[in-house]
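Undergrad: final17.cif is reproduced below (mmCIF, C-alpha atoms).
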```
data_start
#
loop_
_atom_site.label_atom_id
_atom_site.label_comp_id
_atom_site.auth_asym_id
_atom_site.auth_seq_id
_atom_site.Cartn_x
_atom_site.Cartn_y
_atom_site.Cartn_z
CA ALA A 1 -14.08 11.07 23.81
CA LYS A 2 -17.16 12.66 22.25
CA THR A 3 -16.15 11.74 18.69
CA PHE A 4 -14.57 8.40 19.63
CA PHE A 5 -17.70 7.15 21.43
CA ALA A 6 -20.05 8.18 18.64
CA LYS A 7 -21.85 4.97 17.60
CA HIS A 8 -20.68 4.97 13.99
CA THR A 9 -17.05 5.57 15.03
CA LEU A 10 -17.05 2.71 17.52
CA LEU A 11 -18.77 0.39 15.05
CA ASN A 12 -16.26 1.32 12.37
CA ILE A 13 -13.34 0.58 14.68
CA LEU A 14 -14.80 -2.75 15.78
CA THR A 15 -15.86 -3.98 12.35
CA ARG A 16 -13.21 -2.44 10.07
CA TYR A 17 -10.19 -1.35 12.08
CA CYS A 18 -9.51 -4.24 14.44
CA VAL A 19 -7.53 -7.32 13.51
CA LEU A 20 -7.95 -10.66 15.26
CA THR A 21 -4.55 -12.20 14.63
CA ALA A 22 -3.84 -15.86 13.84
CA ASP A 23 -2.73 -16.35 17.48
CA HIS A 24 -6.03 -14.88 18.78
CA MET A 25 -4.79 -11.44 19.78
CA LEU A 26 -7.07 -8.50 19.14
CA LEU A 27 -5.19 -5.56 17.65
CA ALA A 28 -6.97 -2.21 17.47
CA MET A 29 -5.41 0.15 14.95
CA ARG A 30 -4.06 3.45 16.22
CA PRO A 31 -5.81 6.68 15.16
CA TYR A 32 -3.10 7.68 12.64
CA GLN A 33 -3.26 4.20 11.06
CA ILE A 34 -7.04 4.45 10.69
CA VAL A 35 -6.89 7.95 9.17
CA ALA A 36 -4.20 6.90 6.66
CA THR A 37 -6.26 3.87 5.62
CA GLU A 38 -9.41 6.00 5.25
CA GLN A 39 -7.55 8.59 3.16
CA ILE A 40 -6.34 5.91 0.74
CA LEU A 41 -9.81 4.33 0.46
CA ARG A 42 -11.36 7.77 -0.13
CA ARG A 43 -8.79 8.52 -2.83
CA ILE A 44 -9.61 5.23 -4.63
CA GLU A 45 -13.34 6.02 -4.46
CA VAL A 46 -13.01 9.61 -5.74
CA ALA A 47 -10.53 8.62 -8.46
CA THR A 48 -12.89 5.85 -9.60
CA ASN A 49 -15.90 8.20 -9.72
CA TYR A 50 -13.98 10.78 -11.74
CA LYS A 51 -12.11 8.14 -13.80
CA LYS A 52 -8.78 9.52 -12.57
CA TRP A 53 -7.14 6.06 -12.37
CA GLY A 54 -3.89 5.65 -14.25
CA THR A 55 -2.63 9.08 -13.10
CA VAL A 56 -0.95 10.49 -9.98
CA ASP A 57 -4.37 11.96 -9.07
CA GLY A 58 -5.59 8.40 -8.49
CA GLY A 59 -2.94 7.67 -5.83
CA GLY A 60 -0.77 9.28 -3.20
CA TYR A 61 1.71 8.51 -0.44
CA VAL A 62 1.66 8.07 3.33
CA TRP A 63 4.58 9.34 5.41
CA HIS A 64 4.64 7.17 8.55
CA THR A 65 7.84 6.92 10.53
CA THR A 66 9.76 3.66 10.89
CA GLY A 67 8.41 1.53 13.73
CA SER A 68 4.90 3.03 13.67
CA GLY A 69 3.22 -0.09 12.25
CA LYS A 70 3.20 0.52 8.49
CA THR A 71 2.65 -3.19 7.73
CA LEU A 72 -0.61 -3.31 9.71
CA THR A 73 -1.80 -0.13 7.99
CA SER A 74 -0.93 -1.50 4.56
CA PHE A 75 -2.55 -4.86 5.39
CA LYS A 76 -5.83 -3.23 6.42
CA THR A 77 -5.73 -0.94 3.39
CA ALA A 78 -5.16 -3.92 1.07
CA GLN A 79 -7.86 -5.99 2.79
CA ILE A 80 -10.58 -3.31 2.57
CA ALA A 81 -9.51 -2.09 -0.90
CA SER A 82 -9.71 -5.64 -2.27
CA LYS A 83 -13.43 -5.66 -1.37
CA LEU A 84 -14.23 -2.35 -3.08
CA PRO A 85 -16.56 -2.64 -6.10
CA GLY A 86 -14.56 -2.70 -9.33
CA VAL A 87 -11.16 -3.40 -7.77
CA GLU A 88 -9.81 -6.66 -9.21
CA LYS A 89 -6.44 -6.98 -7.52
CA VAL A 90 -4.39 -5.37 -4.78
CA LEU A 91 -0.65 -5.73 -5.35
CA PHE A 92 1.63 -5.11 -2.39
CA VAL A 93 5.07 -4.48 -3.86
CA VAL A 94 8.20 -4.82 -1.75
CA ASP A 95 11.86 -4.37 -2.62
CA ARG A 96 13.80 -7.62 -2.13
CA LYS A 97 13.28 -11.27 -1.36
CA ASP A 98 13.81 -11.02 2.41
CA LEU A 99 11.21 -8.25 2.69
CA ASP A 100 8.85 -10.33 0.54
CA PHE A 101 9.06 -13.20 3.04
CA GLN A 102 8.94 -10.90 6.08
CA THR A 103 5.78 -9.14 4.81
CA MET A 104 4.15 -12.48 4.03
CA GLN A 105 4.81 -13.64 7.61
CA GLU A 106 3.33 -10.41 8.98
CA TYR A 107 0.25 -10.63 6.73
CA ASP A 108 -0.20 -14.28 7.72
CA ARG A 109 -0.09 -13.28 11.37
CA PHE A 110 -2.88 -10.74 10.77
CA GLN A 111 -5.00 -13.21 8.79
CA LYS A 112 -3.90 -16.68 7.75
CA GLY A 113 -3.88 -17.07 3.98
CA ALA A 114 -5.14 -13.53 3.33
CA ALA A 115 -2.40 -12.74 0.84
CA ASN A 116 -0.61 -14.71 -1.85
CA SER A 117 3.17 -14.60 -2.12
CA ASN A 118 5.21 -15.86 -5.06
CA THR A 119 8.61 -17.43 -5.43
CA SER A 120 8.82 -16.91 -9.18
CA THR A 121 7.44 -14.74 -11.97
CA ARG A 122 5.56 -17.79 -13.28
CA ILE A 123 3.63 -18.08 -9.99
CA LEU A 124 3.00 -14.32 -10.04
CA LYS A 125 1.49 -14.72 -13.53
CA GLU A 126 -0.80 -17.53 -12.29
CA GLN A 127 -1.93 -15.41 -9.34
CA LEU A 128 -2.65 -12.40 -11.55
CA GLU A 129 -4.82 -14.66 -13.73
CA ASP A 130 -6.59 -16.27 -10.75
CA PRO A 131 -9.77 -14.33 -9.76
CA GLY A 132 -9.55 -15.86 -6.27
CA ALA A 133 -6.14 -14.30 -5.54
CA ARG A 134 -7.25 -10.82 -4.49
CA ILE A 135 -4.19 -9.65 -2.52
CA ILE A 136 -0.77 -10.47 -3.94
CA ILE A 137 2.59 -9.72 -2.32
CA THR A 138 5.44 -9.54 -4.80
CA THR A 139 8.79 -7.86 -5.34
CA ILE A 140 9.21 -4.98 -7.76
CA GLN A 141 11.80 -7.06 -9.61
CA LYS A 142 9.31 -9.91 -10.29
CA LEU A 143 6.60 -7.47 -11.31
CA SER A 144 8.83 -5.75 -13.86
CA THR A 145 9.99 -9.15 -15.22
CA PHE A 146 6.31 -10.13 -15.64
CA ILE A 147 5.58 -6.85 -17.48
CA ALA A 148 8.55 -7.30 -19.82
CA ALA A 149 7.48 -10.87 -20.68
CA ASN A 150 3.72 -10.32 -20.98
CA LYS A 151 2.95 -7.44 -23.29
CA GLY A 152 -0.78 -6.74 -23.69
CA HIS A 153 -1.87 -9.05 -20.83
CA GLU A 154 -5.54 -8.64 -19.89
CA ILE A 155 -4.70 -7.76 -16.25
CA TYR A 156 -3.44 -4.36 -17.49
CA GLN A 157 -7.03 -3.40 -18.33
CA GLY A 158 -8.38 -4.25 -14.86
CA GLN A 159 -8.70 -1.83 -11.97
CA VAL A 160 -5.66 -2.56 -9.80
CA VAL A 161 -4.49 -0.99 -6.54
CA ILE A 162 -0.68 -1.08 -6.25
CA ILE A 163 0.82 -0.37 -2.82
CA PHE A 164 4.56 0.16 -2.53
CA ASP A 165 6.27 -0.55 0.76
CA GLU A 166 9.18 1.80 1.51
CA CYS A 167 8.50 3.63 -1.73
CA HIS A 168 11.74 5.63 -1.65
CA ARG A 169 13.98 2.64 -2.37
CA SER A 170 14.23 1.48 -5.96
CA GLN A 171 11.00 2.66 -7.47
CA PHE A 172 12.32 5.88 -8.98
CA GLY A 173 13.50 4.41 -12.21
CA ASP A 174 12.78 2.24 -15.20
CA MET A 175 10.70 -0.24 -13.19
CA HIS A 176 8.32 2.48 -11.99
CA THR A 177 7.92 3.74 -15.57
CA ALA A 178 7.32 0.20 -16.89
CA ILE A 179 4.58 -0.45 -14.31
CA THR A 180 2.76 2.83 -14.96
CA LYS A 181 2.99 2.33 -18.73
CA ALA A 182 1.66 -1.24 -18.68
CA PHE A 183 -1.29 -0.87 -16.29
CA LYS A 184 -4.10 1.34 -17.57
CA ARG A 185 -6.45 1.64 -14.57
CA TYR A 186 -4.07 1.64 -11.64
CA HIS A 187 -4.10 3.42 -8.28
CA LEU A 188 -0.55 3.86 -7.03
CA PHE A 189 0.14 4.32 -3.30
CA GLY A 190 3.41 4.49 -1.42
CA PHE A 191 4.27 4.05 2.25
CA THR A 192 7.51 5.59 3.45
CA GLY A 193 9.28 6.67 6.62
CA THR A 194 11.67 8.85 4.64
CA PRO A 195 10.00 10.65 1.73
CA ILE A 196 12.14 12.31 -0.92
CA PHE A 197 11.53 16.02 -1.43
CA ALA A 198 13.13 18.35 -3.97
CA ALA A 199 15.75 19.40 -1.39
CA ASN A 200 17.05 15.86 -0.81
CA SER A 201 16.41 14.34 -4.25
CA SER A 202 19.13 12.88 -6.45
CA THR A 203 20.25 14.57 -9.65
CA GLY A 204 20.42 11.42 -11.81
CA GLY A 205 17.67 9.45 -13.54
CA ASN A 206 14.30 10.66 -14.79
CA PRO A 207 13.77 14.32 -13.79
CA GLN A 208 10.01 13.61 -13.60
CA LEU A 209 10.50 10.92 -10.93
CA ARG A 210 12.93 12.48 -8.48
CA THR A 211 10.59 13.12 -5.56
CA THR A 212 8.03 10.93 -3.79
CA GLU A 213 5.27 13.33 -4.84
CA GLN A 214 6.23 13.17 -8.53
CA ALA A 215 6.07 9.38 -8.44
CA PHE A 216 3.00 8.83 -6.27
CA GLY A 217 0.99 12.04 -6.07
CA ASP A 218 -0.29 13.93 -3.03
CA LYS A 219 0.81 13.30 0.52
CA LEU A 220 -2.30 11.74 2.08
CA HIS A 221 -1.20 11.47 5.71
CA THR A 222 1.81 12.23 7.92
CA TYR A 223 2.95 10.68 11.19
CA THR A 224 6.56 11.68 11.77
CA ILE A 225 9.24 10.54 14.22
CA VAL A 226 8.46 13.65 16.32
CA ASP A 227 4.80 12.56 16.62
CA ALA A 228 5.81 8.99 17.44
CA ILE A 229 8.24 10.03 20.20
CA LYS A 230 5.63 12.39 21.69
CA ASP A 231 3.05 9.57 21.70
CA LYS A 232 5.64 7.16 23.17
CA ASN A 233 5.12 4.79 20.25
CA VAL A 234 8.84 4.58 19.48
CA LEU A 235 11.90 5.02 21.66
CA PRO A 236 13.39 8.53 21.76
CA PHE A 237 16.90 9.02 20.39
#
```
Would you encode the structure as structure tokens?
TA:
Amino acid sequence: AKTFFAKHTLLNILTRYCVLTADHMLLAMRPYQIVATEQILRRIEVATNYKKWGTVDGGGYVWHTTGSGKTLTSFKTAQIASKLPGVEKVLFVVDRKDLDFQTMQEYDRFQKGAANSNTSTRILKEQLEDPGARIIITTIQKLSTFIAANKGHEIYQGQVVIIFDECHRSQFGDMHTAITKAFKRYHLFGFTGTPIFAANSSTGGNPQLRTTEQAFGDKLHTYTIVDAIKDKNVLPF
């Protein structure tokens, strides 16, 4: 109570960590969602100061269990990161068309028209070139098609925050390598409910990209299924 009711904490929660949804519901983020968002924002700031963008030191991953509200956390992170000085774009990268649409619906519920979704690589290209499109939701497939077709595009020189949803799925391969080769000043963040560690990693593919940490960098925050059951945020098994 003492730390929560400190003036700056309350103000921060009211001004930064609440969402008034499109249907006029006020959502206050849970403590673990706020901490994860703050850790990502701090990492962007430090990496920018020390010019550590374009490396795993400029990013990291968040291990939040399924059902704990990862989309709201990622939305808030994208929203605040897009307003940071120097950051040109925030790309929220999902793995398949249905997720693309689902995320767009969720983002629209949090704030109508906050993010831009795309049905084709051509539209993605237009959005990347449009200074008004600050937050873009796209699939990893479209992003890698764009990279293959647009060598030396000027967006690669800009400071870009790239957030991967469910970062254990298909990112550990050629697409991940293509993205990190093309963009020069990127900050790469992953959200996952099931991170891949050395013990449960696959033996195929690039040996440098087998675990979540190798691909994204440090673990910035953890909220596991055990925490969620204890807090009664998800149903017990």
Undergrad: Find, counting all atoms listed in the file, the residue in A:Thr192, A:Thr65, A:Ser74, A:Gln141 that gets nearest to Glu38 (chain A).
TA: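 Nearest to Glu38 (chain A): A:Ser74.
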Undergrad: Could you tell me which residues the PyMOL selection byres ((chain A and resi 225) around 8) grabs in this file, written as a VMD selection string?
TA: chain A and resid 65 to 66 223 to 224 226 to 229 234
Undergrad: Once the PyMOL selection byres ((chain A and resi 13) around 12) is applied to the coordinates I shared, what remains selected? I want it as a VMD selection string.
TA: chain A and resid 4 to 12 14 to 19 26 to 31 33 to 35 37 to 38 76
Undergrad: Under the rule that only C-alpha atoms are counted, which of A:Lys232, A:Phe101, A:Arg185, A:His176 is the nearest residue to Leu209 (chain A)?
TA: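 Result for the nearest residue to Leu209 (chain A): A:His176.
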Undergrad: Report as a PyMOL selection string the residues that result from applying the PyMOL selection byres ((chain A and resi 53) around 12) to the structure here.
TA: chain A and resi 43-52+54-60+86-87+157-162+180+183-189+217
Undergrad: Determine the nearest neighbour of Arg134 (chain A) from the options A:Thr222, A:Ser82, A:Asn200, A:Asn206, counting only C-alpha atoms.
TA: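 Residue with the minimum atom-to-atom distance to Arg134 (chain A): A:Ser82.
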Undergrad: Compile the contact shell of Ser201 (chain A) as a list in words: residues with an atom at most 10 Å away, counting only C-alpha atoms, same-chain residues fewer than 6 positions apart removed.
TA: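 Counting only the stated atoms, we get Pro195, Pro207, Leu209, Arg210, Thr211 and Thr212 of chain A.
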Undergrad: Go through A:Pro131, A:Val62, A:Phe75, A:Gln214 and flag the residue nearest Tyr107 (chain A), using all atoms listed in the file for the distances.
TA: A:Phe75
Undergrad: Looking at A:Lys83, A:His64, A:His221, A:Lys151, which one is nearest to Ile40 (chain A), with distances taken over all atoms listed in the file?
TA: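 With all atoms listed in the file as the atom set, the closest residue is A:His221.
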Undergrad: Pick from A:Asp231, A:Asp95, A:Asp174, A:Asp130: nearest to Ile155 (chain A), with all atoms listed in the file counted?
TA: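 Distance minimum relative to Ile155 (chain A) lands on A:Asp130.
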Undergrad: Env of region 109-111 of chain A: 8 Å cut, atoms = only C-alpha atoms, seq-sep filter 4 positions within chain, self excluded. Answer as a list in words.
TA: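 My reading of the contact set: Val19, Leu20, Thr21, Ala22, Asp23, Leu72, Phe75 and Gln105 of chain A.
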Undergrad: To one decimal place, how far is CA of Gly67 (chain A) from CA of Ala1 (chain A) in Å?
TA: 26.4 Å
Undergrad: Can you take region 49-75 of chain A from the block and write N, CA, C and O atoms as a PDB file, in the first residue's frame?
TA:
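Final output, saved to decode-v3.pdb:
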```pdb
ATOM      1  N   ASN A  49      20.783   5.023 -25.542  1.00  0.00           N
ATOM      2  CA  ASN A  49      21.868   5.849 -24.973  1.00  0.00           C
ATOM      3  C   ASN A  49      23.243   5.278 -25.284  1.00  0.00           C
ATOM      4  O   ASN A  49      24.188   6.005 -25.561  1.00  0.00           O
ATOM      5  N   TYR A  50      23.341   3.939 -25.200  1.00  0.00           N
ATOM      6  CA  TYR A  50      24.645   3.296 -25.418  1.00  0.00           C
ATOM      7  C   TYR A  50      24.812   2.783 -26.852  1.00  0.00           C
ATOM      8  O   TYR A  50      25.738   2.028 -27.131  1.00  0.00           O
ATOM      9  N   LYS A  51      23.864   3.179 -27.722  1.00  0.00           N
ATOM     10  CA  LYS A  51      23.892   2.754 -29.138  1.00  0.00           C
ATOM     11  C   LYS A  51      24.027   1.232 -29.280  1.00  0.00           C
ATOM     12  O   LYS A  51      24.811   0.722 -30.078  1.00  0.00           O
ATOM     13  N   LYS A  52      23.242   0.519 -28.478  1.00  0.00           N
ATOM     14  CA  LYS A  52      23.279  -0.949 -28.492  1.00  0.00           C
ATOM     15  C   LYS A  52      22.176  -1.535 -29.384  1.00  0.00           C
ATOM     16  O   LYS A  52      21.897  -2.724 -29.334  1.00  0.00           O
ATOM     17  N   TRP A  53      21.472  -0.649 -30.153  1.00  0.00           N
ATOM     18  CA  TRP A  53      20.434  -1.181 -31.042  1.00  0.00           C
ATOM     19  C   TRP A  53      21.075  -2.103 -32.080  1.00  0.00           C
ATOM     20  O   TRP A  53      22.270  -2.044 -32.343  1.00  0.00           O
ATOM     21  N   GLY A  54      20.255  -2.939 -32.663  1.00  0.00           N
ATOM     22  CA  GLY A  54      20.789  -3.848 -33.687  1.00  0.00           C
ATOM     23  C   GLY A  54      21.533  -5.036 -33.114  1.00  0.00           C
ATOM     24  O   GLY A  54      22.190  -5.780 -33.831  1.00  0.00           O
ATOM     25  N   THR A  55      21.447  -5.235 -31.776  1.00  0.00           N
ATOM     26  CA  THR A  55      22.070  -6.405 -31.139  1.00  0.00           C
ATOM     27  C   THR A  55      21.080  -6.989 -30.134  1.00  0.00           C
ATOM     28  O   THR A  55      20.077  -6.348 -29.806  1.00  0.00           O
ATOM     29  N   VAL A  56      21.403  -8.184 -29.605  1.00  0.00           N
ATOM     30  CA  VAL A  56      20.505  -8.766 -28.594  1.00  0.00           C
ATOM     31  C   VAL A  56      20.507  -7.929 -27.310  1.00  0.00           C
ATOM     32  O   VAL A  56      19.566  -7.993 -26.521  1.00  0.00           O
ATOM     33  N   ASP A  57      21.545  -7.123 -27.108  1.00  0.00           N
ATOM     34  CA  ASP A  57      21.584  -6.250 -25.917  1.00  0.00           C
ATOM     35  C   ASP A  57      20.535  -5.145 -25.990  1.00  0.00           C
ATOM     36  O   ASP A  57      20.228  -4.510 -24.980  1.00  0.00           O
ATOM     37  N   GLY A  58      20.010  -4.899 -27.165  1.00  0.00           N
ATOM     38  CA  GLY A  58      18.998  -3.851 -27.330  1.00  0.00           C
ATOM     39  C   GLY A  58      17.584  -4.362 -27.161  1.00  0.00           C
ATOM     40  O   GLY A  58      16.621  -3.610 -27.279  1.00  0.00           O
ATOM     41  N   GLY A  59      17.430  -5.662 -26.886  1.00  0.00           N
ATOM     42  CA  GLY A  59      16.088  -6.259 -26.763  1.00  0.00           C
ATOM     43  C   GLY A  59      15.983  -7.188 -25.574  1.00  0.00           C
ATOM     44  O   GLY A  59      16.708  -7.045 -24.591  1.00  0.00           O
ATOM     45  N   GLY A  60      15.092  -8.151 -25.685  1.00  0.00           N
ATOM     46  CA  GLY A  60      14.896  -9.113 -24.602  1.00  0.00           C
ATOM     47  C   GLY A  60      13.563  -9.817 -24.785  1.00  0.00           C
ATOM     48  O   GLY A  60      12.847  -9.578 -25.761  1.00  0.00           O
ATOM     49  N   TYR A  61      13.228 -10.693 -23.827  1.00  0.00           N
ATOM     50  CA  TYR A  61      11.924 -11.361 -23.939  1.00  0.00           C
ATOM     51  C   TYR A  61      11.195 -11.374 -22.601  1.00  0.00           C
ATOM     52  O   TYR A  61      11.798 -11.227 -21.546  1.00  0.00           O
ATOM     53  N   VAL A  62       9.872 -11.490 -22.697  1.00  0.00           N
ATOM     54  CA  VAL A  62       8.998 -11.499 -21.524  1.00  0.00           C
ATOM     55  C   VAL A  62       8.287 -12.844 -21.493  1.00  0.00           C
ATOM     56  O   VAL A  62       7.637 -13.238 -22.460  1.00  0.00           O
ATOM     57  N   TRP A  63       8.431 -13.549 -20.367  1.00  0.00           N
ATOM     58  CA  TRP A  63       7.804 -14.859 -20.201  1.00  0.00           C
ATOM     59  C   TRP A  63       6.542 -14.663 -19.366  1.00  0.00           C
ATOM     60  O   TRP A  63       6.605 -14.585 -18.149  1.00  0.00           O
ATOM     61  N   HIS A  64       5.401 -14.524 -20.036  1.00  0.00           N
ATOM     62  CA  HIS A  64       4.115 -14.391 -19.354  1.00  0.00           C
ATOM     63  C   HIS A  64       3.218 -15.530 -19.794  1.00  0.00           C
ATOM     64  O   HIS A  64       3.020 -15.736 -20.985  1.00  0.00           O
ATOM     65  N   THR A  65       2.647 -16.242 -18.841  1.00  0.00           N
ATOM     66  CA  THR A  65       1.886 -17.436 -19.149  1.00  0.00           C
ATOM     67  C   THR A  65       0.650 -17.137 -20.004  1.00  0.00           C
ATOM     68  O   THR A  65       0.119 -16.029 -19.979  1.00  0.00           O
ATOM     69  N   THR A  66       0.204 -18.138 -20.728  1.00  0.00           N
ATOM     70  CA  THR A  66      -0.990 -18.017 -21.562  1.00  0.00           C
ATOM     71  C   THR A  66      -2.185 -17.612 -20.695  1.00  0.00           C
ATOM     72  O   THR A  66      -2.354 -18.145 -19.604  1.00  0.00           O
ATOM     73  N   GLY A  67      -2.961 -16.647 -21.176  1.00  0.00           N
ATOM     74  CA  GLY A  67      -4.151 -16.232 -20.434  1.00  0.00           C
ATOM     75  C   GLY A  67      -3.910 -15.111 -19.436  1.00  0.00           C
ATOM     76  O   GLY A  67      -4.809 -14.702 -18.720  1.00  0.00           O
ATOM     77  N   SER A  68      -2.656 -14.592 -19.397  1.00  0.00           N
ATOM     78  CA  SER A  68      -2.359 -13.553 -18.401  1.00  0.00           C
ATOM     79  C   SER A  68      -2.448 -12.142 -18.989  1.00  0.00           C
ATOM     80  O   SER A  68      -2.066 -11.175 -18.352  1.00  0.00           O
ATOM     81  N   GLY A  69      -2.933 -12.023 -20.213  1.00  0.00           N
ATOM     82  CA  GLY A  69      -3.148 -10.700 -20.814  1.00  0.00           C
ATOM     83  C   GLY A  69      -1.939 -10.147 -21.544  1.00  0.00           C
ATOM     84  O   GLY A  69      -1.592  -8.991 -21.404  1.00  0.00           O
ATOM     85  N   LYS A  70      -1.302 -11.006 -22.355  1.00  0.00           N
ATOM     86  CA  LYS A  70      -0.102 -10.565 -23.091  1.00  0.00           C
ATOM     87  C   LYS A  70      -0.428  -9.483 -24.123  1.00  0.00           C
ATOM     88  O   LYS A  70       0.371  -8.594 -24.362  1.00  0.00           O
ATOM     89  N   THR A  71      -1.649  -9.568 -24.716  1.00  0.00           N
ATOM     90  CA  THR A  71      -1.983  -8.599 -25.769  1.00  0.00           C
ATOM     91  C   THR A  71      -2.086  -7.189 -25.200  1.00  0.00           C
ATOM     92  O   THR A  71      -1.616  -6.238 -25.803  1.00  0.00           O
ATOM     93  N   LEU A  72      -2.680  -7.061 -24.007  1.00  0.00           N
ATOM     94  CA  LEU A  72      -2.779  -5.730 -23.384  1.00  0.00           C
ATOM     95  C   LEU A  72      -1.381  -5.195 -23.057  1.00  0.00           C
ATOM     96  O   LEU A  72      -1.081  -4.026 -23.295  1.00  0.00           O
ATOM     97  N   THR A  73      -0.523  -6.073 -22.543  1.00  0.00           N
ATOM     98  CA  THR A  73       0.852  -5.662 -22.221  1.00  0.00           C
ATOM     99  C   THR A  73       1.579  -5.208 -23.479  1.00  0.00           C
ATOM    100  O   THR A  73       2.227  -4.158 -23.495  1.00  0.00           O
ATOM    101  N   SER A  74       1.441  -5.985 -24.550  1.00  0.00           N
ATOM    102  CA  SER A  74       2.130  -5.632 -25.796  1.00  0.00           C
ATOM    103  C   SER A  74       1.555  -4.355 -26.382  1.00  0.00           C
ATOM    104  O   SER A  74       2.279  -3.526 -26.928  1.00  0.00           O
ATOM    105  N   PHE A  75       0.227  -4.162 -26.264  1.00  0.00           N
ATOM    106  CA  PHE A  75      -0.408  -2.954 -26.786  1.00  0.00           C
ATOM    107  C   PHE A  75       0.147  -1.717 -26.073  1.00  0.00           C
ATOM    108  O   PHE A  75       0.527  -0.738 -26.708  1.00  0.00           O
TER     109      PHE A  75
END
```
